[in-house]
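Peer 1: Dropping the structure in here first, questions after.
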Amino acid sequence: MNRRSLVSFGVLVLGVAVLLTATIAAQVPAPLAKPKAAVKAAPPPTSKPYTPPKTPDGQPDLQGFWTNSTYVPLERPQGVTKEFYTPPEAEAAMKAAAAREAEQTEPGTTADVHYDFSQFGLDRSQSTIAASLRTSLIVDPPDGKMPPVNAKGQKRAGERAAARKAAGGQYDSVQNMPIGSRCIIMGGAGPPMMNAGYNANYQIVQSPGYVMILTEMIHDVRIIPLDNRPQAAQELRQWVGLSRGRWEGNTLVVETTNFNGKNAFRGASENIKVTERFTRISDDMIDYKFTVEDPETWDRTWTAEAPLAKTDGPIFEFACHETNYGISNILAGARAEEKQKAEQAKKGSN
Amino acid sequence: MRAKLVLVVACAGLLLASGQVRAHHAFAAEFDVNKPLTLKGSLIKWEMVNPHSWFHVAVKEPDGKVTEWLIEGGSPNQLIRMGVTKNTVPIGTELTIEGYRAKDGGLKAVGRNFVLPDGSRLFLGGSAPGGTPGDKK
(Lines give C-alpha, C1' and ligand atoms only; values in the text may rest on other atoms or scores of the structure.)
Protein backbone atom coordinates (compact mmCIF):
# COMPACT_ATOMS: atom_id res chain seq x y z
CA MET A 1 0.00 0.00 0.00
CA ASN A 2 1.40 3.43 -0.83
CA ARG A 3 1.73 6.19 1.70
CA ARG A 4 -1.17 8.20 0.32
CA SER A 5 -3.59 5.33 0.82
CA LEU A 6 -2.20 4.70 4.28
CA VAL A 7 -2.81 8.31 5.24
CA SER A 8 -6.33 8.18 3.86
CA PHE A 9 -6.99 4.98 5.69
CA GLY A 10 -5.74 6.40 8.97
CA VAL A 11 -8.42 9.08 8.72
CA LEU A 12 -10.95 6.43 7.74
CA VAL A 13 -10.13 4.27 10.73
CA LEU A 14 -10.60 7.08 13.18
CA GLY A 15 -13.93 7.78 11.53
CA VAL A 16 -14.93 4.14 11.90
CA ALA A 17 -14.01 4.23 15.57
CA VAL A 18 -16.30 7.23 16.11
CA LEU A 19 -19.05 5.64 14.05
CA LEU A 20 -18.77 2.36 15.92
CA THR A 21 -19.07 4.13 19.23
CA ALA A 22 -22.29 5.80 18.16
CA THR A 23 -23.74 2.73 16.45
CA ILE A 24 -23.05 0.25 19.21
CA ALA A 25 -23.98 2.59 22.03
CA ALA A 26 -27.37 3.10 20.44
CA GLN A 27 -28.17 -0.59 20.46
CA VAL A 28 -27.10 -1.99 23.80
CA PRO A 29 -28.58 -1.24 27.19
CA ALA A 30 -25.41 -0.21 28.94
CA PRO A 31 -22.97 2.10 27.23
CA LEU A 32 -20.42 -0.14 25.60
CA ALA A 33 -16.76 0.46 25.95
CA LYS A 34 -15.42 3.54 24.36
CA PRO A 35 -13.02 2.53 21.59
CA LYS A 36 -9.64 3.62 22.69
CA ALA A 37 -9.18 5.95 19.68
CA ALA A 38 -5.64 4.75 19.43
CA VAL A 39 -5.69 3.42 15.92
CA LYS A 40 -2.27 4.19 14.67
CA ALA A 41 -1.96 3.28 11.05
CA ALA A 42 -0.88 6.27 9.07
CA PRO A 43 2.65 7.57 8.76
CA PRO A 44 2.87 11.33 8.42
CA PRO A 45 2.56 12.53 4.85
CA THR A 46 5.99 13.07 3.41
CA SER A 47 7.64 12.82 0.06
CA LYS A 48 10.92 11.63 1.55
CA PRO A 49 11.52 7.93 2.23
CA TYR A 50 11.38 7.19 5.95
CA THR A 51 14.76 6.81 7.61
CA PRO A 52 14.45 4.79 10.81
CA PRO A 53 16.34 5.94 13.90
CA LYS A 54 19.46 3.95 14.81
CA THR A 55 20.39 2.14 18.00
CA PRO A 56 23.68 3.18 19.66
CA ASP A 57 25.44 0.29 17.90
CA GLY A 58 24.08 1.38 14.52
CA GLN A 59 21.17 -1.03 13.89
CA PRO A 60 17.92 0.37 12.47
CA ASP A 61 15.83 0.83 15.60
CA LEU A 62 12.79 -1.43 15.88
CA GLN A 63 12.58 -1.15 19.65
CA GLY A 64 9.39 -0.46 21.50
CA PHE A 65 5.89 -1.85 21.99
CA TRP A 66 3.97 -3.08 18.97
CA THR A 67 0.70 -4.83 18.15
CA ASN A 68 -0.46 -6.87 15.18
CA SER A 69 -4.11 -6.66 16.23
CA THR A 70 -6.22 -6.54 13.08
CA TYR A 71 -9.62 -7.33 11.64
CA VAL A 72 -8.04 -8.43 8.34
CA PRO A 73 -8.36 -12.22 7.95
CA LEU A 74 -5.42 -14.40 6.95
CA GLU A 75 -7.28 -15.63 3.85
CA ARG A 76 -9.39 -13.51 1.52
CA PRO A 77 -13.11 -13.91 2.27
CA GLN A 78 -15.31 -15.78 -0.18
CA GLY A 79 -16.69 -13.49 -2.84
CA VAL A 80 -13.92 -10.91 -2.51
CA THR A 81 -11.62 -10.87 -5.51
CA LYS A 82 -9.46 -7.81 -5.08
CA GLU A 83 -6.33 -7.20 -3.08
CA PHE A 84 -7.40 -3.91 -1.46
CA TYR A 85 -10.71 -2.57 -0.29
CA THR A 86 -11.65 1.00 -1.04
CA PRO A 87 -11.81 3.05 2.15
CA PRO A 88 -15.65 2.79 2.32
CA GLU A 89 -15.47 -0.99 1.78
CA ALA A 90 -12.79 -1.31 4.43
CA GLU A 91 -14.96 0.74 6.78
CA ALA A 92 -17.89 -1.61 6.18
CA ALA A 93 -15.75 -4.73 6.67
CA MET A 94 -14.28 -3.38 9.88
CA LYS A 95 -17.68 -2.31 11.18
CA ALA A 96 -19.13 -5.73 10.48
CA ALA A 97 -16.22 -7.49 12.18
CA ALA A 98 -16.35 -5.18 15.20
CA ALA A 99 -20.11 -5.65 15.51
CA ARG A 100 -19.70 -9.45 15.47
CA GLU A 101 -17.04 -9.14 18.11
CA ALA A 102 -19.05 -6.80 20.30
CA GLU A 103 -22.10 -9.05 20.38
CA GLN A 104 -22.02 -12.31 18.55
CA THR A 105 -23.64 -14.78 20.87
CA GLU A 106 -27.19 -15.86 21.41
CA PRO A 107 -28.30 -16.31 25.02
CA GLY A 108 -28.93 -19.95 25.86
CA THR A 109 -26.47 -21.35 23.30
CA THR A 110 -23.04 -22.79 24.00
CA ALA A 111 -21.59 -19.74 22.22
CA ASP A 112 -22.98 -17.67 25.09
CA VAL A 113 -21.14 -19.71 27.72
CA HIS A 114 -18.33 -17.21 27.97
CA TYR A 115 -17.48 -13.94 29.64
CA ASP A 116 -18.17 -10.78 27.68
CA PHE A 117 -15.03 -9.68 25.82
CA SER A 118 -16.08 -6.03 25.82
CA GLN A 119 -16.40 -5.85 29.62
CA PHE A 120 -12.71 -6.72 29.88
CA GLY A 121 -11.60 -4.45 27.06
CA LEU A 122 -10.63 -7.45 24.96
CA ASP A 123 -12.53 -6.67 21.77
CA ARG A 124 -10.16 -5.22 19.24
CA SER A 125 -11.98 -1.89 18.95
CA GLN A 126 -10.72 -1.05 22.44
CA SER A 127 -7.04 -1.41 21.63
CA THR A 128 -4.64 -0.22 18.99
CA ILE A 129 -5.31 -1.75 15.59
CA ALA A 130 -2.71 -2.25 12.87
CA ALA A 131 -5.10 -1.09 10.17
CA SER A 132 -4.79 -2.00 6.53
CA LEU A 133 -6.85 -1.76 3.36
CA ARG A 134 -5.88 -5.32 2.45
CA THR A 135 -8.64 -7.86 2.03
CA SER A 136 -6.38 -10.65 3.31
CA LEU A 137 -3.05 -10.89 5.10
CA ILE A 138 -1.88 -13.34 2.42
CA VAL A 139 -0.31 -11.46 -0.47
CA ASP A 140 1.04 -14.48 -2.35
CA PRO A 141 -0.59 -16.57 -3.88
CA PRO A 142 -2.27 -13.56 -5.50
CA ASP A 143 -5.74 -14.95 -4.79
CA GLY A 144 -5.12 -14.34 -1.08
CA LYS A 145 -5.69 -18.01 -0.17
CA MET A 146 -3.32 -20.57 1.27
CA PRO A 147 -2.10 -23.01 -1.37
CA PRO A 148 -3.71 -26.47 -1.28
CA VAL A 149 -2.18 -29.03 1.06
CA ASN A 150 -0.24 -31.60 -0.96
CA ALA A 151 -0.43 -35.40 -0.65
CA LYS A 152 2.34 -35.58 1.96
CA GLY A 153 0.60 -32.93 4.04
CA GLN A 154 -2.76 -34.69 3.82
CA LYS A 155 -1.18 -38.00 4.85
CA ARG A 156 0.45 -36.38 7.87
CA ALA A 157 -2.83 -34.65 8.84
CA GLY A 158 -4.52 -38.06 8.75
CA GLU A 159 -1.80 -39.59 10.91
CA ARG A 160 -2.04 -36.76 13.43
CA ALA A 161 -5.83 -37.18 13.61
CA ALA A 162 -5.45 -40.93 14.09
CA ALA A 163 -2.91 -40.40 16.87
CA ARG A 164 -5.30 -38.01 18.64
CA LYS A 165 -8.13 -40.51 18.33
CA ALA A 166 -5.96 -43.32 19.70
CA ALA A 167 -5.04 -41.16 22.70
CA GLY A 168 -8.72 -40.96 23.70
CA GLY A 169 -11.12 -38.10 24.29
CA GLN A 170 -9.94 -34.49 24.33
CA TYR A 171 -10.88 -34.16 27.99
CA ASP A 172 -9.71 -37.59 29.11
CA SER A 173 -6.44 -36.18 30.34
CA VAL A 174 -4.45 -32.95 30.48
CA GLN A 175 -2.13 -34.28 27.76
CA ASN A 176 -5.00 -34.65 25.31
CA MET A 177 -6.09 -31.04 25.62
CA PRO A 178 -4.99 -28.46 23.03
CA ILE A 179 -1.59 -26.96 23.76
CA GLY A 180 -3.08 -23.45 23.82
CA SER A 181 -5.55 -24.47 26.52
CA ARG A 182 -2.63 -25.97 28.44
CA CYS A 183 -0.81 -22.61 28.26
CA ILE A 184 2.21 -24.05 26.50
CA ILE A 185 2.20 -21.77 23.47
CA MET A 186 -0.28 -19.82 21.37
CA GLY A 187 -0.30 -18.34 17.88
CA GLY A 188 1.08 -14.96 18.81
CA ALA A 189 4.62 -16.17 19.38
CA GLY A 190 5.09 -17.80 16.00
CA PRO A 191 7.08 -17.52 13.98
CA PRO A 192 5.22 -16.41 12.01
CA MET A 193 3.72 -13.99 14.53
CA MET A 194 -0.05 -14.16 14.12
CA ASN A 195 -2.69 -11.95 15.72
CA ALA A 196 -3.47 -13.51 19.10
CA GLY A 197 -7.03 -12.10 19.13
CA TYR A 198 -6.48 -10.09 22.30
CA ASN A 199 -3.41 -8.96 24.24
CA ALA A 200 -1.75 -9.10 20.79
CA ASN A 201 1.25 -7.11 21.97
CA TYR A 202 4.99 -7.42 21.51
CA GLN A 203 8.10 -5.74 22.84
CA ILE A 204 11.22 -5.58 20.69
CA VAL A 205 14.56 -4.94 22.40
CA GLN A 206 17.87 -4.72 20.54
CA SER A 207 21.39 -5.09 21.91
CA PRO A 208 24.65 -5.47 19.99
CA GLY A 209 24.36 -8.70 18.04
CA TYR A 210 20.83 -9.64 19.15
CA VAL A 211 17.17 -8.82 18.73
CA MET A 212 14.70 -9.96 21.41
CA ILE A 213 10.95 -10.25 20.80
CA LEU A 214 8.70 -10.69 23.85
CA THR A 215 5.18 -11.91 23.08
CA GLU A 216 2.55 -10.91 25.66
CA MET A 217 0.16 -13.75 24.76
CA ILE A 218 1.42 -16.04 26.29
CA HIS A 219 4.80 -14.93 27.63
CA ASP A 220 7.08 -16.37 24.92
CA VAL A 221 10.47 -14.84 24.15
CA ARG A 222 12.52 -15.16 20.99
CA ILE A 223 16.21 -14.25 21.11
CA ILE A 224 17.55 -13.80 17.59
CA PRO A 225 21.33 -13.69 17.05
CA LEU A 226 22.64 -11.46 14.25
CA ASP A 227 26.24 -12.72 14.10
CA ASN A 228 25.93 -15.00 11.07
CA ARG A 229 26.34 -18.09 13.19
CA PRO A 230 25.29 -21.31 11.42
CA GLN A 231 21.97 -22.90 12.27
CA ALA A 232 22.10 -25.44 15.11
CA ALA A 233 22.06 -29.18 14.47
CA GLN A 234 18.75 -30.58 13.23
CA GLU A 235 18.37 -32.57 16.44
CA LEU A 236 18.00 -29.37 18.47
CA ARG A 237 14.34 -28.35 18.14
CA GLN A 238 12.28 -25.75 19.94
CA TRP A 239 8.62 -24.71 20.27
CA VAL A 240 9.40 -21.42 18.46
CA GLY A 241 12.14 -22.97 16.32
CA LEU A 242 15.61 -21.49 16.21
CA SER A 243 16.01 -18.12 14.52
CA ARG A 244 18.98 -16.53 12.78
CA GLY A 245 18.79 -12.86 11.78
CA ARG A 246 20.62 -10.43 9.53
CA TRP A 247 20.16 -6.89 8.27
CA GLU A 248 19.49 -6.26 4.59
CA GLY A 249 19.64 -2.47 4.49
CA ASN A 250 16.95 -1.29 6.91
CA THR A 251 15.16 -4.65 6.85
CA LEU A 252 15.69 -7.25 9.56
CA VAL A 253 15.50 -10.67 7.91
CA VAL A 254 14.95 -13.61 10.26
CA GLU A 255 15.04 -17.22 9.11
CA THR A 256 13.67 -19.86 11.46
CA THR A 257 13.83 -23.65 11.26
CA ASN A 258 14.29 -26.44 13.85
CA PHE A 259 10.68 -26.43 15.09
CA ASN A 260 9.66 -29.32 17.33
CA GLY A 261 6.57 -30.07 15.23
CA LYS A 262 4.20 -30.01 18.24
CA ASN A 263 2.84 -26.57 17.38
CA ALA A 264 2.16 -27.13 13.69
CA PHE A 265 1.48 -23.81 11.95
CA ARG A 266 -1.54 -24.41 9.73
CA GLY A 267 -0.76 -28.13 9.56
CA ALA A 268 2.90 -27.67 8.60
CA SER A 269 5.59 -30.25 9.25
CA GLU A 270 8.42 -29.85 11.74
CA ASN A 271 10.67 -28.99 8.79
CA ILE A 272 8.85 -25.76 7.98
CA LYS A 273 11.06 -22.74 7.29
CA VAL A 274 9.72 -19.26 8.08
CA THR A 275 11.42 -16.14 6.73
CA GLU A 276 10.30 -12.89 8.36
CA ARG A 277 11.05 -9.36 7.18
CA PHE A 278 10.73 -6.40 9.58
CA THR A 279 11.02 -2.92 8.03
CA ARG A 280 10.18 0.19 10.02
CA ILE A 281 8.26 2.41 7.62
CA SER A 282 7.32 5.19 10.05
CA ASP A 283 7.63 6.11 13.69
CA ASP A 284 4.42 4.16 14.30
CA MET A 285 4.55 1.20 11.88
CA ILE A 286 6.70 -1.80 11.08
CA ASP A 287 6.02 -3.55 7.81
CA TYR A 288 6.08 -7.24 8.78
CA LYS A 289 6.04 -9.88 6.08
CA PHE A 290 6.58 -13.59 6.38
CA THR A 291 7.13 -16.36 3.87
CA VAL A 292 6.35 -19.97 4.67
CA GLU A 293 8.25 -22.79 2.99
CA ASP A 294 7.42 -26.43 3.66
CA PRO A 295 7.53 -28.82 0.69
CA GLU A 296 6.19 -31.53 3.00
CA THR A 297 2.90 -29.60 3.22
CA TRP A 298 2.59 -27.17 0.32
CA ASP A 299 3.97 -27.40 -3.23
CA ARG A 300 4.74 -23.68 -3.21
CA THR A 301 5.79 -21.02 -0.73
CA TRP A 302 3.26 -18.49 0.51
CA THR A 303 3.64 -14.99 1.92
CA ALA A 304 1.57 -12.77 4.18
CA GLU A 305 1.83 -9.19 5.36
CA ALA A 306 0.73 -8.42 8.93
CA PRO A 307 1.84 -4.92 9.94
CA LEU A 308 2.88 -4.02 13.46
CA ALA A 309 1.50 -0.76 14.86
CA LYS A 310 3.11 1.10 17.73
CA THR A 311 1.17 0.75 20.96
CA ASP A 312 1.48 1.67 24.59
CA GLY A 313 3.72 -0.25 26.96
CA PRO A 314 4.57 -1.89 29.14
CA ILE A 315 3.86 -5.52 28.39
CA PHE A 316 2.00 -7.02 31.32
CA GLU A 317 2.81 -10.41 32.72
CA PHE A 318 0.87 -13.28 31.23
CA ALA A 319 1.58 -16.12 33.64
CA CYS A 320 -0.87 -18.38 31.87
CA HIS A 321 -3.03 -20.66 34.01
CA GLU A 322 -1.83 -19.22 37.24
CA THR A 323 -3.90 -21.03 39.89
CA ASN A 324 -4.89 -23.56 37.19
CA TYR A 325 -8.64 -23.38 37.72
CA GLY A 326 -9.56 -23.82 34.07
CA ILE A 327 -7.89 -27.15 33.38
CA SER A 328 -9.17 -28.76 36.58
CA ASN A 329 -12.68 -27.40 35.99
CA ILE A 330 -12.76 -28.78 32.43
CA LEU A 331 -11.55 -32.21 33.53
CA ALA A 332 -13.99 -32.24 36.46
CA GLY A 333 -16.78 -31.20 34.09
CA ALA A 334 -15.97 -34.07 31.74
CA ARG A 335 -15.95 -36.59 34.61
CA ALA A 336 -19.31 -35.24 35.85
CA GLU A 337 -20.78 -35.62 32.36
CA GLU A 338 -19.49 -39.20 32.11
CA LYS A 339 -21.01 -40.03 35.49
CA GLN A 340 -24.33 -38.52 34.47
CA LYS A 341 -24.39 -40.46 31.20
CA ALA A 342 -23.48 -43.71 32.99
CA GLU A 343 -26.33 -43.18 35.46
CA GLN A 344 -28.75 -42.46 32.63
CA ALA A 345 -27.62 -45.60 30.80
CA LYS A 346 -28.08 -47.61 34.00
CA LYS A 347 -31.60 -46.25 34.45
CA GLY A 348 -32.36 -47.01 30.81
CA SER A 349 -31.24 -50.63 31.14
CA ASN A 350 -33.30 -51.22 34.30
CA MET B 1 -32.13 -5.26 23.74
CA ARG B 2 -29.23 -7.65 23.53
CA ALA B 3 -31.45 -10.20 21.79
CA LYS B 4 -32.57 -7.46 19.41
CA LEU B 5 -29.03 -6.67 18.43
CA VAL B 6 -28.27 -10.35 17.92
CA LEU B 7 -31.29 -10.57 15.65
CA VAL B 8 -30.17 -7.58 13.62
CA VAL B 9 -26.72 -9.02 13.14
CA ALA B 10 -28.06 -12.47 12.31
CA CYS B 11 -30.46 -11.05 9.73
CA ALA B 12 -27.55 -9.33 8.08
CA GLY B 13 -26.00 -12.75 7.62
CA LEU B 14 -23.01 -11.77 9.65
CA LEU B 15 -23.34 -14.05 12.63
CA LEU B 16 -20.13 -15.96 13.04
CA ALA B 17 -18.77 -17.71 16.09
CA SER B 18 -15.73 -15.48 16.20
CA GLY B 19 -15.88 -15.31 19.97
CA GLN B 20 -15.45 -19.04 20.17
CA VAL B 21 -12.49 -18.95 17.85
CA ARG B 22 -10.82 -16.40 20.06
CA ALA B 23 -11.57 -18.16 23.33
CA HIS B 24 -8.56 -19.50 25.13
CA HIS B 25 -10.28 -22.77 25.89
CA ALA B 26 -13.66 -24.39 25.37
CA PHE B 27 -15.86 -22.68 27.94
CA ALA B 28 -18.74 -24.99 27.09
CA ALA B 29 -16.55 -27.84 28.39
CA GLU B 30 -16.15 -26.10 31.72
CA PHE B 31 -19.61 -24.60 32.22
CA ASP B 32 -23.09 -25.94 31.49
CA VAL B 33 -25.34 -24.12 29.03
CA ASN B 34 -28.27 -25.86 30.74
CA LYS B 35 -27.41 -24.29 34.09
CA PRO B 36 -27.87 -20.54 33.64
CA LEU B 37 -27.88 -18.64 36.92
CA THR B 38 -28.04 -15.20 38.45
CA LEU B 39 -26.05 -14.62 41.61
CA LYS B 40 -26.17 -11.65 43.94
CA GLY B 41 -23.34 -11.13 46.38
CA SER B 42 -20.44 -9.04 47.55
CA LEU B 43 -16.88 -9.21 46.31
CA ILE B 44 -14.41 -11.00 48.57
CA LYS B 45 -11.41 -11.04 46.23
CA TRP B 46 -10.57 -10.50 42.56
CA GLU B 47 -7.72 -12.67 41.33
CA MET B 48 -6.20 -10.73 38.43
CA VAL B 49 -4.53 -13.76 36.87
CA ASN B 50 -4.24 -15.11 33.34
CA PRO B 51 -5.57 -16.41 31.13
CA HIS B 52 -8.80 -15.55 32.99
CA SER B 53 -9.41 -13.60 36.12
CA TRP B 54 -11.52 -14.97 38.98
CA PHE B 55 -13.97 -13.14 41.21
CA HIS B 56 -14.60 -14.59 44.69
CA VAL B 57 -18.11 -13.57 45.72
CA ALA B 58 -20.01 -14.08 48.98
CA VAL B 59 -23.55 -15.08 48.07
CA LYS B 60 -26.33 -15.10 50.64
CA GLU B 61 -28.58 -18.13 50.14
CA PRO B 62 -32.35 -17.92 50.82
CA ASP B 63 -31.82 -19.68 54.17
CA GLY B 64 -29.36 -16.99 55.24
CA LYS B 65 -26.29 -19.13 54.79
CA VAL B 66 -23.40 -17.40 53.00
CA THR B 67 -21.47 -19.37 50.40
CA GLU B 68 -18.38 -18.40 48.45
CA TRP B 69 -18.61 -18.65 44.69
CA LEU B 70 -15.79 -18.40 42.16
CA ILE B 71 -16.74 -16.57 38.98
CA GLU B 72 -14.59 -16.68 35.86
CA GLY B 73 -14.03 -13.48 33.88
CA GLY B 74 -11.60 -12.25 31.25
CA SER B 75 -7.85 -11.70 31.10
CA PRO B 76 -7.08 -8.61 33.17
CA ASN B 77 -4.22 -7.32 31.01
CA GLN B 78 -6.14 -4.88 28.84
CA LEU B 79 -7.99 -3.50 31.89
CA ILE B 80 -4.62 -2.96 33.58
CA ARG B 81 -3.44 -1.17 30.45
CA MET B 82 -6.49 1.08 30.76
CA GLY B 83 -5.66 1.95 34.35
CA VAL B 84 -7.59 -0.62 36.37
CA THR B 85 -5.76 -2.01 39.41
CA LYS B 86 -6.61 -4.63 42.02
CA ASN B 87 -7.84 -1.77 44.21
CA THR B 88 -10.22 -0.41 41.57
CA VAL B 89 -13.07 -2.69 42.56
CA PRO B 90 -13.32 -2.39 46.35
CA ILE B 91 -13.82 -5.47 48.47
CA GLY B 92 -17.49 -5.58 49.42
CA THR B 93 -18.72 -4.25 46.07
CA GLU B 94 -22.22 -5.61 45.50
CA LEU B 95 -22.47 -7.50 42.22
CA THR B 96 -25.20 -9.22 40.27
CA ILE B 97 -23.70 -11.85 38.03
CA GLU B 98 -25.46 -13.57 35.17
CA GLY B 99 -23.72 -16.63 33.89
CA TYR B 100 -23.56 -20.42 33.70
CA ARG B 101 -22.69 -22.86 36.46
CA ALA B 102 -19.73 -25.29 36.31
CA LYS B 103 -20.51 -28.71 34.86
CA ASP B 104 -19.25 -30.49 37.97
CA GLY B 105 -21.92 -28.73 40.03
CA GLY B 106 -19.42 -26.89 42.24
CA LEU B 107 -19.80 -23.31 43.41
CA LYS B 108 -18.19 -21.97 40.25
CA ALA B 109 -19.60 -20.14 37.23
CA VAL B 110 -18.61 -18.07 34.26
CA GLY B 111 -19.72 -14.46 34.53
CA ARG B 112 -21.52 -13.56 31.33
CA ASN B 113 -22.40 -10.19 32.76
CA PHE B 114 -21.27 -8.34 35.89
CA VAL B 115 -23.78 -5.68 36.98
CA LEU B 116 -23.56 -3.07 39.75
CA PRO B 117 -26.52 -2.14 41.98
CA ASP B 118 -27.31 0.92 39.82
CA GLY B 119 -27.72 -1.34 36.79
CA SER B 120 -24.47 -0.36 35.10
CA ARG B 121 -21.92 -2.94 34.06
CA LEU B 122 -18.85 -3.48 36.25
CA PHE B 123 -16.37 -2.53 33.57
CA LEU B 124 -17.19 -0.38 30.63
CA GLY B 125 -14.05 -1.21 28.75
CA GLY B 126 -11.72 -0.08 31.44
CA SER B 127 -13.81 2.38 33.38
CA ALA B 128 -14.13 1.37 36.96
CA PRO B 129 -17.26 1.62 39.08
CA GLY B 130 -17.83 5.30 39.52
CA GLY B 131 -14.53 6.07 37.90
CA THR B 132 -12.85 6.58 34.59
CA PRO B 133 -9.98 4.86 32.81
CA GLY B 134 -6.80 5.74 34.57
CA ASP B 135 -8.57 6.34 37.84
CA LYS B 136 -6.43 4.42 40.31
CA LYS B 137 -8.37 4.35 43.51
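Following the order of the C-alpha coordinates, first chain is A, next is B, and so on, with residues numbered from 1 inside each chain and ligands from 1 in the order they appear.
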Mind running segment 82-107 of chain B against segment 120-127 of chain A at 12 Å and telling me each contacting residue's nearest atom pair with the distance in Å (one decimal), counting only C-alpha atoms, chain and number ascending, as JSON lines?
Peer 2:
```
{"residue": "B:Met82", "atom": "CA", "partner": "A:Gly121", "partner_atom": "CA", "distance": 8.4}
{"residue": "B:Gly83", "atom": "CA", "partner": "A:Gly121", "partner_atom": "CA", "distance": 11.4}
{"residue": "B:Val84", "atom": "CA", "partner": "A:Phe120", "partner_atom": "CA", "distance": 10.3}
```
Peer 1: Within segment 29-209 of chain A, find each residue whose DSSP state, derived from the backbone, is alpha helix (DSSP H), and express the selection as a VMD selection string.
Peer 2: chain A and resid 87 to 102 151 to 167
Peer 1: Taking the backbone alone, and naming residues the way the document does, which bits of segment 219-348 of chain A are strand (DSSP E) by DSSP, as a VMD selection string?
Peer 2: chain A and resid 221 to 225 242 to 248 251 to 257 273 to 282 285 to 293 302 to 305 308 to 310
Peer 1: Pick from B:Lys40, B:Lys60, B:His52, B:Lys86: nearest to chain A, with only C-alpha atoms counted?
Peer 2: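 Nearest to chain A: B:His52.
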Peer 1: Please report the interatomic distance between atom CA of Arg246 of chain A and atom CA of Pro73 of chain A in Å with one decimal.
Peer 2: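 Atom-to-atom, atom CA of Arg246 of chain A to atom CA of Pro73 of chain A, that is 29.1 Å.
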Peer 1: Smallest atom-to-atom distance to chain A: which of B:Leu116, B:Gly99, B:Ala58, B:Val66, using only C-alpha atoms?
Peer 2: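 For chain A, the nearest of the given residues is B:Gly99.
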Peer 1: Could the residues of segment 226-343 of chain A that have an atom at most 12 Å from segment 160-178 of chain A be listed as a Markdown table, each with its closest atom pair and the distance in Å to one decimal, counting only C-alpha atoms and ordered by chain and ascending residue number?
Peer 2:
```
| residue | atom | partner | partner_atom | distance |
| --- | --- | --- | --- | --- |
| A:Gly261 | CA | A:Arg160 | CA | 11.1 |
| A:Lys262 | CA | A:Arg160 | CA | 10.4 |
| A:Asn263 | CA | A:Pro178 | CA | 9.8 |
| A:Ala264 | CA | A:Arg160 | CA | 10.5 |
| A:Gly267 | CA | A:Arg160 | CA | 9.5 |
| A:Ala268 | CA | A:Arg160 | CA | 11.4 |
| A:Ser269 | CA | A:Arg160 | CA | 10.9 |
| A:Asn324 | CA | A:Val174 | CA | 11.6 |
| A:Gly326 | CA | A:Val174 | CA | 11.1 |
| A:Ile327 | CA | A:Val174 | CA | 7.3 |
| A:Ser328 | CA | A:Val174 | CA | 8.8 |
| A:Asn329 | CA | A:Tyr171 | CA | 10.6 |
| A:Ile330 | CA | A:Tyr171 | CA | 7.2 |
| A:Leu331 | CA | A:Tyr171 | CA | 5.9 |
| A:Ala332 | CA | A:Tyr171 | CA | 9.2 |
| A:Gly333 | CA | A:Tyr171 | CA | 9.0 |
| A:Ala334 | CA | A:Tyr171 | CA | 6.3 |
| A:Arg335 | CA | A:Asp172 | CA | 8.4 |
| A:Ala336 | CA | A:Tyr171 | CA | 11.6 |
| A:Glu337 | CA | A:Tyr171 | CA | 10.9 |
| A:Glu338 | CA | A:Asp172 | CA | 10.4 |
```
Peer 1: For a quick check of understanding, using only C-alpha atoms, which of A:Arg244, A:Asn68, A:Leu133, A:Gly144 has the smallest distance to Glu89 of chain A?
Peer 2: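 Using only C-alpha atoms, Glu89 of chain A sits closest to A:Leu133.
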Peer 1: Show me, as a list in words, the residues that have an atom within 8 Å of segment 194-198 of chain A when counting only C-alpha atoms, minus same-chain residues fewer than 3 positions from it.
Peer 2: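 Using only C-alpha atoms, the neighbours found are Asn68, Ser69, Thr70, Leu122, Asp123, Arg124, Met186, Gly187, Gly188, Ala189, Gly190, Pro191, Met217 and Ala306 of chain A; Arg22 of chain B.
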Peer 1: Determine the nearest neighbour of Asn199 of chain A from the options A:Asp116, A:Glu216, A:Asp283, A:Glu91, counting only C-alpha atoms.
Peer 2: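 That would be A:Glu216, the residue with the smallest distance to Asn199 of chain A.
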Peer 1: Segment 291-293 of chain A: which residues within 8 Å, counting only C-alpha atoms, same-chain residues fewer than 2 positions away excluded, as a list in words?
Peer 2: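 These residues fall inside the cut-off: Ile272, Lys273, Val274, Thr275, Glu276, Lys289, Pro295, Trp298, Arg300, Thr301, Trp302, Thr303 and Ala304 of chain A.
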Peer 1: Using only C-alpha atoms, determine which residues lie at most 8 Å from Phe65 of chain A, disregarding the query and same-chain residues fewer than 5 positions distant; provide the list as number ranges by chain.
Peer 2: A: 201-204, 310-315
